[in-house]
>>> print(open('structure_20.csv').read())   # CSV, C-alpha atoms
chain,number,residue,atom,x,y,z
A,61,MET,CA,199.6,197.8,116.3
A,62,ASN,CA,196.9,198.6,113.8
A,63,PRO,CA,194.8,195.7,112.4
A,64,VAL,CA,195.8,194.3,109.1
A,65,LYS,CA,193.7,195.6,106.2
A,66,PHE,CA,193.0,193.0,103.5
A,67,ARG,CA,192.5,194.5,100.1
A,68,GLU,CA,191.3,191.2,98.7
A,69,ILE,CA,190.9,187.8,100.2
A,70,LYS,CA,191.6,185.1,97.6
A,71,ASN,CA,190.4,181.5,97.8
A,72,GLU,CA,194.1,180.5,97.7
A,73,ILE,CA,195.1,182.7,100.7
A,74,ARG,CA,197.9,181.1,102.8
A,75,LEU,CA,196.7,180.2,106.2
A,76,ILE,CA,198.5,178.3,109.0
A,77,GLY,CA,196.4,176.2,111.4
A,78,ILE,CA,198.0,175.2,114.7
A,79,ASP,CA,196.9,172.4,117.1
A,80,ASP,CA,198.7,170.3,119.7
A,81,ALA,CA,199.3,166.5,120.0
A,82,PRO,CA,197.8,164.6,122.9
A,83,PHE,CA,199.8,164.7,126.2
A,84,VAL,CA,199.5,163.5,129.8
A,85,PRO,CA,197.6,166.2,131.7
A,86,ARG,CA,199.0,167.8,134.8
A,87,LYS,CA,202.3,166.0,134.5
A,88,GLU,CA,205.7,167.6,133.8
A,89,GLY,CA,206.5,167.0,130.1
A,90,THR,CA,206.3,168.3,126.6
A,91,THR,CA,203.9,168.0,123.7
A,92,ARG,CA,204.2,168.7,120.0
A,93,LEU,CA,202.5,171.6,118.2
A,94,PHE,CA,201.8,171.1,114.5
A,95,GLY,CA,201.2,174.0,112.1
A,96,VAL,CA,199.7,173.1,108.7
A,97,VAL,CA,200.1,175.6,105.9
A,98,PHE,CA,197.0,175.5,103.6
A,99,ARG,CA,196.0,177.4,100.5
A,100,GLY,CA,192.6,178.4,101.7
A,101,ARG,CA,190.7,175.2,102.2
A,102,LEU,CA,192.2,173.7,99.0
A,103,TRP,CA,195.6,172.0,99.6
A,104,VAL,CA,198.4,171.6,102.0
A,105,GLU,CA,201.5,173.5,101.3
A,106,GLY,CA,203.7,172.6,104.3
A,107,VAL,CA,203.8,171.2,107.8
A,108,LEU,CA,205.7,172.8,110.7
A,109,GLN,CA,206.3,171.5,114.1
A,110,THR,CA,207.5,172.7,117.5
A,111,THR,CA,207.5,171.5,121.1
A,112,ILE,CA,206.0,173.1,124.2
A,113,MET,CA,205.9,172.3,127.9
A,114,VAL,CA,202.7,170.8,129.3
A,115,ASP,CA,201.2,173.6,131.5
A,116,GLY,CA,204.3,175.7,130.6
A,117,LEU,CA,204.4,179.4,129.5
A,118,ASP,CA,206.4,179.0,126.3
A,119,SER,CA,203.6,178.5,123.7
A,120,THR,CA,203.8,182.2,122.6
A,121,GLN,CA,207.5,182.1,122.0
A,122,LYS,CA,207.5,178.7,120.4
A,123,ILE,CA,204.7,179.5,118.0
A,124,THR,CA,206.3,182.8,117.0
A,125,GLU,CA,209.7,181.2,116.4
A,126,MET,CA,208.1,178.3,114.4
A,127,ILE,CA,206.4,180.8,112.1
A,128,LEU,CA,209.3,183.3,111.8
A,129,ASN,CA,211.8,180.5,111.0
A,130,SER,CA,209.6,178.9,108.4
A,131,PRO,CA,210.3,179.3,104.6
A,132,HIS,CA,206.5,179.9,104.4
A,133,TYR,CA,206.6,183.1,106.6
A,134,GLY,CA,206.8,185.6,103.7
A,135,GLN,CA,203.7,184.2,102.1
A,136,LEU,CA,201.5,183.5,105.2
A,137,ARG,CA,198.6,185.9,105.7
A,138,VAL,CA,196.7,184.6,108.7
A,139,ILE,CA,197.3,182.4,111.8
A,140,MET,CA,194.5,180.1,113.0
A,141,LEU,CA,194.8,178.6,116.5
A,142,ALA,CA,192.7,175.7,117.8
A,143,GLY,CA,191.9,177.4,121.0
A,144,ILE,CA,194.0,179.8,123.1
A,145,THR,CA,195.6,177.1,125.3
A,146,PHE,CA,197.8,174.2,124.2
A,147,GLY,CA,199.4,171.4,126.2
A,148,GLY,CA,197.0,172.0,129.1
A,149,PHE,CA,197.2,175.6,130.3
A,150,ASN,CA,200.1,176.8,128.2
A,151,VAL,CA,198.1,180.0,127.3
A,152,VAL,CA,199.0,181.9,124.1
A,153,ASP,CA,199.5,185.6,124.1
A,154,VAL,CA,197.8,186.4,120.8
A,155,ASN,CA,198.7,190.1,121.0
A,156,GLU,CA,202.4,189.3,121.3
A,157,ILE,CA,202.3,186.8,118.4
A,158,PHE,CA,200.6,189.5,116.3
A,159,GLU,CA,203.2,192.1,117.2
A,160,LYS,CA,206.1,189.8,116.4
A,161,THR,CA,204.8,188.2,113.2
A,162,HIS,CA,202.6,191.0,111.9
A,163,LEU,CA,200.1,188.3,111.1
A,164,PRO,CA,196.5,188.5,112.3
A,165,ILE,CA,195.2,185.6,114.4
A,166,ILE,CA,191.8,183.8,114.4
A,167,VAL,CA,191.3,181.6,117.5
A,168,VAL,CA,188.7,178.9,116.7
A,169,CYS,CA,186.8,176.6,119.0
A,170,GLU,CA,184.3,173.9,118.2
A,171,LYS,CA,182.5,174.5,121.5
A,172,GLN,CA,182.0,177.6,123.6
A,173,PRO,CA,184.8,177.6,126.2
A,174,ASP,CA,183.5,177.4,129.8
A,175,LEU,CA,185.4,180.3,131.3
A,176,GLU,CA,184.2,179.7,134.9
A,177,SER,CA,185.6,176.1,134.9
A,178,ILE,CA,188.8,177.3,133.3
A,179,LYS,CA,189.3,180.0,135.9
A,180,ILE,CA,188.9,177.4,138.7
A,181,ALA,CA,191.2,174.8,137.0
A,182,ILE,CA,193.9,177.3,136.1
A,183,GLN,CA,194.4,178.2,139.7
A,184,ASN,CA,196.2,174.8,140.1
A,185,THR,CA,199.0,176.0,137.8
A,186,SER,CA,202.0,178.2,138.6
A,187,ASN,CA,201.6,182.0,137.7
A,188,TRP,CA,197.9,181.4,137.2
A,189,GLU,CA,197.1,185.2,137.3
A,190,GLU,CA,199.4,185.7,134.3
A,191,ARG,CA,197.7,182.9,132.4
A,192,TRP,CA,194.3,184.2,133.3
A,193,GLN,CA,195.2,187.7,132.1
A,194,LEU,CA,196.2,186.3,128.7
A,195,ILE,CA,192.8,184.7,128.4
A,196,GLU,CA,191.1,187.9,129.4
A,197,LYS,CA,193.1,189.9,127.0
A,198,SER,CA,192.3,187.6,124.1
A,199,GLY,CA,189.2,189.5,123.1
A,200,PRO,CA,185.5,188.7,122.8
A,201,LEU,CA,184.0,185.5,121.5
A,202,TYR,CA,182.0,185.5,118.3
A,203,GLU,CA,179.8,182.9,116.7
A,204,TYR,CA,180.1,181.7,113.1
A,205,PHE,CA,177.6,179.4,111.4
A,206,PRO,CA,179.7,177.3,109.0
A,207,LYS,CA,177.0,176.1,106.7
A,208,PRO,CA,173.2,175.9,106.3
A,209,SER,CA,173.4,172.1,106.9
A,210,VAL,CA,175.0,172.6,110.3
A,211,LYS,CA,172.9,173.7,113.2
A,212,ASN,CA,175.5,174.6,115.7
A,213,PRO,CA,177.9,177.6,115.4
A,214,ILE,CA,181.7,177.4,115.9
A,215,PHE,CA,183.3,180.1,118.1
A,216,PHE,CA,186.1,182.5,117.3
A,217,GLN,CA,188.2,185.4,118.6
A,218,ILE,CA,190.2,187.8,116.5
A,219,THR,CA,193.4,189.7,116.9
A,220,GLY,CA,194.8,192.1,114.3
A,221,LEU,CA,192.0,192.0,111.7
A,222,ASP,CA,188.4,193.1,111.6
A,223,LEU,CA,185.3,191.0,112.1
A,224,LYS,CA,184.2,191.1,108.5
A,225,ASP,CA,187.6,189.9,107.1
A,226,ALA,CA,187.8,187.2,109.8
A,227,LYS,CA,184.4,185.8,108.7
A,228,GLN,CA,185.4,185.9,105.1
A,229,ILE,CA,188.6,183.9,106.0
A,230,LEU,CA,186.5,181.4,108.0
A,231,ARG,CA,184.2,181.0,105.0
A,232,ILE,CA,187.2,180.4,102.7
A,233,SER,CA,188.9,178.0,105.1
A,234,ILE,CA,186.0,175.7,105.7
A,235,GLY,CA,185.6,172.7,103.4
A,236,VAL,CA,184.3,169.2,103.9
A,237,SER,CA,183.6,169.6,107.6
A,238,ALA,CA,182.3,172.5,109.8
A,239,PHE,CA,185.8,173.5,110.9
A,240,PRO,CA,188.6,175.2,109.1
A,241,GLU,CA,190.7,172.7,107.0
A,242,PRO,CA,194.1,173.9,108.4
A,243,LEU,CA,192.9,173.2,111.9
A,244,ARG,CA,191.2,170.0,111.0
A,245,VAL,CA,194.3,168.6,109.5
A,246,ALA,CA,196.6,169.9,112.3
A,247,HIS,CA,194.3,168.1,114.7
A,248,MET,CA,194.5,164.8,112.8
A,249,ILE,CA,198.3,164.9,112.7
A,250,GLY,CA,198.3,165.4,116.5
A,251,ARG,CA,195.8,162.6,117.0
A,252,SER,CA,198.1,160.2,115.2
A,253,PHE,CA,200.3,160.2,118.3
A,254,LEU,CA,197.6,158.5,120.3
A,255,PRO,CA,198.2,154.8,120.8
A,256,THR,CA,195.8,152.8,118.5
A,257,LYS,CA,195.1,149.9,121.0
B,90,MET,CA,195.9,136.0,95.6
B,91,ASN,CA,194.0,137.4,92.6
B,92,PRO,CA,194.3,141.1,91.7
B,93,VAL,CA,191.4,143.3,92.9
B,94,LYS,CA,188.9,144.2,90.2
B,95,PHE,CA,187.6,147.7,90.5
B,96,ARG,CA,184.1,148.1,89.1
B,97,GLU,CA,184.3,151.9,89.2
B,98,ILE,CA,187.0,154.2,90.5
B,99,LYS,CA,185.4,157.4,92.0
B,100,ASN,CA,187.1,160.7,92.5
B,101,GLU,CA,186.4,160.2,96.3
B,102,ILE,CA,188.1,156.8,96.5
B,103,ARG,CA,189.8,156.3,99.9
B,104,LEU,CA,193.6,156.0,99.5
B,105,ILE,CA,196.3,155.9,102.1
B,106,GLY,CA,199.7,157.3,101.3
B,107,ILE,CA,202.7,156.2,103.4
B,108,ASP,CA,206.1,157.9,103.8
B,109,ASP,CA,208.7,158.0,106.6
B,110,ALA,CA,210.1,160.8,108.7
B,111,PRO,CA,213.9,161.7,108.5
B,112,PHE,CA,216.3,159.5,110.5
B,113,VAL,CA,220.0,159.1,111.0
B,114,PRO,CA,221.2,156.7,108.4
B,115,ARG,CA,223.2,153.5,109.2
B,116,LYS,CA,222.7,154.1,112.9
B,117,GLU,CA,220.6,151.9,115.2
B,118,GLY,CA,217.4,153.6,116.0
B,119,THR,CA,213.8,154.1,114.9
B,120,THR,CA,211.9,156.4,112.6
B,121,ARG,CA,208.2,157.2,112.2
B,122,LEU,CA,206.0,156.2,109.3
B,123,PHE,CA,203.0,158.4,108.6
B,124,GLY,CA,199.9,157.2,106.7
B,125,VAL,CA,197.6,159.9,105.3
B,126,VAL,CA,194.1,158.8,104.4
B,127,PHE,CA,192.8,160.9,101.5
B,128,ARG,CA,189.6,161.0,99.5
B,129,GLY,CA,191.2,160.8,96.0
B,130,ARG,CA,193.2,164.0,95.8
B,131,LEU,CA,190.5,166.0,97.5
B,132,TRP,CA,190.7,166.1,101.3
B,133,VAL,CA,192.4,164.4,104.3
B,134,GLU,CA,190.3,162.0,106.2
B,135,GLY,CA,192.8,160.8,108.8
B,136,VAL,CA,196.4,160.4,109.8
B,137,LEU,CA,198.0,157.2,111.0
B,138,GLN,CA,201.4,156.6,112.5
B,139,THR,CA,203.7,153.8,113.3
B,140,THR,CA,207.4,153.3,114.2
B,141,ILE,CA,210.0,151.1,112.4
B,142,MET,CA,213.6,150.3,113.0
B,143,VAL,CA,216.2,152.0,110.8
B,144,ASP,CA,217.6,149.3,108.5
B,145,GLY,CA,215.3,146.9,110.3
B,146,LEU,CA,213.0,144.2,108.7
B,147,ASP,CA,209.8,145.2,110.4
B,148,SER,CA,208.2,147.7,107.9
B,149,THR,CA,205.9,145.0,106.4
B,150,GLN,CA,204.5,144.0,109.8
B,151,LYS,CA,204.2,147.6,111.1
B,152,ILE,CA,202.4,148.9,108.0
B,153,THR,CA,200.1,145.9,108.0
B,154,GLU,CA,199.2,146.4,111.6
B,155,MET,CA,198.8,150.2,111.2
B,156,ILE,CA,196.2,149.6,108.5
B,157,LEU,CA,194.4,146.7,110.0
B,158,ASN,CA,194.1,148.5,113.4
B,159,SER,CA,192.8,151.7,111.9
B,160,PRO,CA,189.1,152.7,111.9
B,161,HIS,CA,189.6,153.6,108.2
B,162,TYR,CA,190.4,150.0,107.2
B,163,GLY,CA,186.9,149.0,106.1
B,164,GLN,CA,186.7,152.0,103.7
B,165,LEU,CA,190.3,152.0,102.3
B,166,ARG,CA,190.7,150.8,98.7
B,167,VAL,CA,194.3,151.3,97.8
B,168,ILE,CA,197.7,151.6,99.6
B,169,MET,CA,200.3,154.0,98.1
B,170,LEU,CA,203.9,153.8,99.3
B,171,ALA,CA,206.6,156.4,98.7
B,172,GLY,CA,209.1,153.8,97.5
B,173,ILE,CA,209.7,150.2,98.6
B,174,THR,CA,212.2,150.9,101.4
B,175,PHE,CA,211.7,153.1,104.5
B,176,GLY,CA,214.0,154.0,107.3
B,177,GLY,CA,217.1,153.2,105.2
B,178,PHE,CA,216.9,149.6,103.9
B,179,ASN,CA,213.8,148.4,105.8
B,180,VAL,CA,212.3,146.9,102.6
B,181,VAL,CA,208.6,146.3,102.4
B,182,ASP,CA,207.1,143.0,101.3
B,183,VAL,CA,204.3,144.3,99.1
B,184,ASN,CA,203.0,140.8,98.4
B,185,GLU,CA,202.6,140.1,102.1
B,186,ILE,CA,200.8,143.4,102.8
B,187,PHE,CA,198.4,142.7,99.9
B,188,GLU,CA,197.7,139.2,101.2
B,189,LYS,CA,197.1,140.4,104.8
B,190,THR,CA,195.1,143.6,104.0
B,191,HIS,CA,193.5,142.5,100.7
B,192,LEU,CA,194.3,146.1,99.6
B,193,PRO,CA,196.2,146.6,96.3
B,194,ILE,CA,199.4,148.6,96.5
B,195,ILE,CA,201.0,151.2,94.2
B,196,VAL,CA,204.6,152.0,95.0
B,197,VAL,CA,205.5,155.5,93.6
B,198,CYS,CA,208.9,157.1,93.2
B,199,GLU,CA,209.7,160.6,91.9
B,200,LYS,CA,212.9,159.3,90.3
B,201,GLN,CA,213.9,156.0,88.7
B,202,PRO,CA,215.5,153.9,91.5
B,203,ASP,CA,219.2,153.1,90.7
B,204,LEU,CA,219.0,149.3,91.4
B,205,GLU,CA,222.7,148.8,90.8
B,206,SER,CA,223.7,151.3,93.6
B,207,ILE,CA,221.0,149.8,95.8
B,208,LYS,CA,222.3,146.3,95.4
B,209,ILE,CA,225.8,147.4,96.4
B,210,ALA,CA,224.7,149.5,99.4
B,211,ILE,CA,222.3,146.9,100.7
B,212,GLN,CA,225.1,144.4,101.1
B,213,ASN,CA,226.2,146.4,104.2
B,214,THR,CA,223.0,145.5,106.0
B,215,SER,CA,222.2,142.2,107.8
B,216,ASN,CA,220.2,139.6,105.9
B,217,TRP,CA,220.9,141.5,102.7
B,218,GLU,CA,219.8,138.7,100.4
B,219,GLU,CA,216.3,138.7,102.0
B,220,ARG,CA,216.0,142.4,101.5
B,221,TRP,CA,217.2,142.2,97.9
B,222,GLN,CA,214.8,139.4,97.2
B,223,LEU,CA,211.9,141.6,98.4
B,224,ILE,CA,213.0,144.3,96.0
B,225,GLU,CA,213.3,141.8,93.1
B,226,LYS,CA,209.8,140.4,93.9
B,227,SER,CA,208.2,143.9,93.9
B,228,GLY,CA,207.5,143.8,90.2
B,229,PRO,CA,208.4,145.8,87.1
B,230,LEU,CA,208.7,149.6,87.1
B,231,TYR,CA,206.3,151.6,85.0
B,232,GLU,CA,206.3,155.3,84.0
B,233,TYR,CA,203.5,157.7,84.4
B,234,PHE,CA,203.3,161.2,83.0
B,235,PRO,CA,201.3,163.2,85.5
B,236,LYS,CA,200.3,166.2,83.4
B,237,PRO,CA,201.0,167.8,80.1
B,238,SER,CA,202.8,170.6,81.8
B,239,VAL,CA,205.3,168.3,83.4
B,240,LYS,CA,208.1,166.8,81.2
B,241,ASN,CA,209.4,164.1,83.5
B,242,PRO,CA,207.5,160.9,84.4
B,243,ILE,CA,207.1,159.5,87.8
B,244,PHE,CA,207.7,155.8,88.4
B,245,PHE,CA,205.5,153.2,89.9
B,246,GLN,CA,205.1,149.5,90.7
B,247,ILE,CA,201.8,147.6,91.2
B,248,THR,CA,200.7,144.7,93.4
B,249,GLY,CA,197.2,143.3,93.4
B,250,LEU,CA,195.6,145.5,90.7
B,251,ASP,CA,196.0,145.9,87.0
B,252,LEU,CA,198.0,148.5,85.2
B,253,LYS,CA,194.9,150.3,83.8
B,254,ASP,CA,193.3,150.7,87.2
B,255,ALA,CA,196.6,151.8,88.7
B,256,LYS,CA,197.0,154.6,86.1
B,257,GLN,CA,193.4,155.7,86.8
B,258,ILE,CA,194.1,155.9,90.5
B,259,LEU,CA,197.3,157.8,89.9
B,260,ARG,CA,195.3,160.3,87.8
B,261,ILE,CA,192.7,160.7,90.5
B,262,SER,CA,195.3,161.1,93.3
B,263,ILE,CA,197.4,163.8,91.6
B,264,GLY,CA,196.4,167.4,92.3
B,265,VAL,CA,198.4,170.5,92.6
B,266,SER,CA,201.8,168.9,92.2
B,267,ALA,CA,203.1,166.0,90.0
B,268,PHE,CA,202.9,163.5,92.8
B,269,PRO,CA,199.9,161.8,94.5
B,270,GLU,CA,198.4,164.0,97.2
B,271,PRO,CA,198.4,161.3,99.9
B,272,LEU,CA,202.1,160.8,99.5
B,273,ARG,CA,202.9,164.5,99.2
B,274,VAL,CA,201.2,165.2,102.5
B,275,ALA,CA,202.7,162.2,104.2
B,276,HIS,CA,206.1,163.4,103.1
B,277,MET,CA,205.5,166.9,104.4
B,278,ILE,CA,204.4,165.6,107.8
B,279,GLY,CA,207.6,163.5,107.9
B,280,ARG,CA,209.7,166.5,107.0
B,281,SER,CA,208.3,168.5,109.9
B,282,PHE,CA,210.6,166.4,112.1
B,283,LEU,CA,213.7,167.9,110.6
B,284,PRO,CA,215.3,170.6,112.7
B,285,THR,CA,214.5,174.1,111.2
B,286,LYS,CA,217.9,175.7,112.0
>>> encode(input="structure_20.csv", output="structure tokens")
Amino acid sequence: MNPVKFREIKNEIRLIGIDDAPFVPRKEGTTRLFGVVFRGRLWVEGVLQTTIMVDGLDSTQKITEMILNSPHYGQLRVIMLAGITFGGFNVVDVNEIFEKTHLPIIVVCEKQPDLESIKIAIQNTSNWEERWQLIEKSGPLYEYFPKPSVKNPIFFQITGLDLKDAKQILRISIGVSAFPEPLRVAHMIGRSFLPTK
Amino acid sequence: MNPVKFREIKNEIRLIGIDDAPFVPRKEGTTRLFGVVFRGRLWVEGVLQTTIMVDGLDSTQKITEMILNSPHYGQLRVIMLAGITFGGFNVVDVNEIFEKTHLPIIVVCEKQPDLESIKIAIQNTSNWEERWQLIEKSGPLYEYFPKPSVKNPIFFQITGLDLKDAKQILRISIGVSAFPEPLRVAHMIGRSFLPTK
């Protein structure tokens, strides 16, 4: 599928940022994914939720369904993912999500993923070659420097849009912190599931 | 306890807005409460979560603990509640929360509560006189007109602050909609627990 061409990227563009809630690693179970619909970095327009298997292979399908079934779908322009794996090694197939939703995807990480460690750890999961292939197919990693006051870059990958548009969307989506607002809020909702004491 | 005197109310004042997730009415069970920490109407600073019994009597204690145990407690200035009952008729004792947290409380409703219907319905719960007393002790209902473009007022009650300060805080907390942002986002997180199909 051809990349999406943006004619204009407004400050109020509708983005969805997706992150997972905490879970017990390497143990059969589920975890929640939250999708926060934002207008740019400005305000929250909705919150979506789905459930995936820890170390499962259902994140692609669950994210796709969550988005297609949402009343926000017709307005959404871009999907932002907090990394390419959720619930442990439940790796996302970004190309499949792009093909099914027709929405371009920006995967964003605070730190550079350590691919060598991931390749070793992932071999403890079932169908590890399939998971590793999805990681390899997810495209090159780019750096983005969020603001002059922040020394370290964040890292991102793109599917279905060009680099210039992705950088413009990152710029629009970053507010008070050095990370896109839709992903920051999705992360905070997930963290509320941690025990406080 | 004397009402809190605000020397100055900044646009970045830290507010927490609390609302519940959907639940099966009149059936033994629990529901989640979400507390969204906002800087004024501007950005989310944290998300807290606790669990209460449907038609229970534990909302006062659970909200108090959620706030006192949070790392945000020292910075928080005002508690906003989406109504005085959560999880059915789990009525909040606003005076007790004020005494234990030393934080003033603004209860906000989109519509004027129908006290006569509530008084009839509440009699189907255990200890209904205790619940009704908490409602009666929660103070008078005031109107607030959020913006010139919106015809209908919202309704609020106050505990531990004066009317002028409460109106100023409502003004600061209302952004894109006609309802305070911390409560709007808490409501949307709760709603994400509804089945989509």
>>> residues_around(input="structure_20.csv", residues="region 163-180 of chain B", least_positions_apart="3", cutoff="7 Å", atoms="all atoms listed in the file", output="ChimeraX atom specification")
/B:102-109,112,114,120,142-148,192-198,211,220,223,272
>>> closest_residue(input="structure_20.csv", among="A:Ser177, A:Thr110, A:Ser233, A:Gln217", to="Lys122 (chain A)", atoms="all atoms listed in the file")
A:Thr110
>>> closest_residue(input="structure_20.csv", among="A:Ala81, A:Leu201, A:Val152, A:Val245", to="Val125 (chain B)", atoms="all atoms listed in the file")
A:Val245
>>> interface_residues(input="structure_20.csv", of="chain A", to="chain B", cutoff="10 Å", atoms="all atoms listed in the file", output="PyMOL selection string")
chain A and resi 94-96+101-110+126+129-131+235-236+241+244-257
>>> residues_around(input="structure_20.csv", residues="Asn91 (chain B)", least_positions_apart="3", cutoff="12 Å", atoms="only C-alpha atoms", output="number ranges by chain")
B: 94, 184, 187-188, 191-193, 248-251
>>> write_last_selection(input="structure_20.csv", atoms="C-alpha atoms", output="mmCIF file, keeping the file's coordinate frame")
data_model
loop_
_atom_site.group_PDB
_atom_site.id
_atom_site.type_symbol
_atom_site.label_atom_id
_atom_site.label_comp_id
_atom_site.auth_asym_id
_atom_site.auth_seq_id
_atom_site.Cartn_x
_atom_site.Cartn_y
_atom_site.Cartn_z
ATOM 1 C CA LYS B 94 188.900 144.200 90.200
ATOM 2 C CA ASN B 184 203.000 140.800 98.400
ATOM 3 C CA PHE B 187 198.400 142.700 99.900
ATOM 4 C CA GLU B 188 197.700 139.200 101.200
ATOM 5 C CA HIS B 191 193.500 142.500 100.700
ATOM 6 C CA LEU B 192 194.300 146.100 99.600
ATOM 7 C CA PRO B 193 196.200 146.600 96.300
ATOM 8 C CA THR B 248 200.700 144.700 93.400
ATOM 9 C CA GLY B 249 197.200 143.300 93.400
ATOM 10 C CA LEU B 250 195.600 145.500 90.700
ATOM 11 C CA ASP B 251 196.000 145.900 87.000
#
>>> atom_distance(input="structure_20.csv", atom1="CA of Asp153 (chain A)", atom2="CA of Ile180 (chain A)")
19.8 Å
>>> atom_distance(input="structure_20.csv", atom1="CA of Phe268 (chain B)", atom2="CA of Glu97 (chain B)")
22.2 Å
>>> closest_residue(input="structure_20.csv", among="A:Arg92, A:Lys87, A:Lys160, A:Lys207", to="Arg231 (chain A)", atoms="all atoms listed in the file")
A:Lys207
>>> atom_distance(input="structure_20.csv", atom1="CA of Ile234 (chain A)", atom2="CA of Gly100 (chain A)")
8.2 Å
>>> residues_near_point(input="structure_20.csv", point="(187.7, 188.6, 129.6)", cutoff="12 Å", atoms="all atoms listed in the file", output="compact mmCIF listing (two decimals) with C-alpha atoms, in the coordinates of the input")
# COMPACT_ATOMS: atom_id res chain seq x y z
CA PRO A 173 184.80 177.60 126.20
CA ASP A 174 183.50 177.40 129.80
CA LEU A 175 185.40 180.30 131.30
CA GLU A 176 184.20 179.70 134.90
CA ILE A 178 188.80 177.30 133.30
CA LYS A 179 189.30 180.00 135.90
CA ARG A 191 197.70 182.90 132.40
CA TRP A 192 194.30 184.20 133.30
CA GLN A 193 195.20 187.70 132.10
CA LEU A 194 196.20 186.30 128.70
CA ILE A 195 192.80 184.70 128.40
CA GLU A 196 191.10 187.90 129.40
CA LYS A 197 193.10 189.90 127.00
CA SER A 198 192.30 187.60 124.10
CA GLY A 199 189.20 189.50 123.10
CA PRO A 200 185.50 188.70 122.80
CA LEU A 201 184.00 185.50 121.50
CA GLN A 217 188.20 185.40 118.60
>>> residues_around(input="structure_20.csv", residues="region 208-212 of chain A", least_positions_apart="2", cutoff="12 Å", atoms="all atoms listed in the file", output="mmCIF file with C-alpha atoms, in the coordinates of the input")
data_model
loop_
_atom_site.group_PDB
_atom_site.id
_atom_site.type_symbol
_atom_site.label_atom_id
_atom_site.label_comp_id
_atom_site.auth_asym_id
_atom_site.auth_seq_id
_atom_site.Cartn_x
_atom_site.Cartn_y
_atom_site.Cartn_z
ATOM 1 C CA CYS A 169 186.800 176.600 119.000
ATOM 2 C CA GLU A 170 184.300 173.900 118.200
ATOM 3 C CA LYS A 171 182.500 174.500 121.500
ATOM 4 C CA GLN A 172 182.000 177.600 123.600
ATOM 5 C CA GLU A 203 179.800 182.900 116.700
ATOM 6 C CA TYR A 204 180.100 181.700 113.100
ATOM 7 C CA PHE A 205 177.600 179.400 111.400
ATOM 8 C CA PRO A 206 179.700 177.300 109.000
ATOM 9 C CA ILE A 214 181.700 177.400 115.900
ATOM 10 C CA PHE A 215 183.300 180.100 118.100
ATOM 11 C CA VAL A 236 184.300 169.200 103.900
ATOM 12 C CA SER A 237 183.600 169.600 107.600
ATOM 13 C CA ALA A 238 182.300 172.500 109.800
ATOM 14 C CA PHE A 239 185.800 173.500 110.900
#
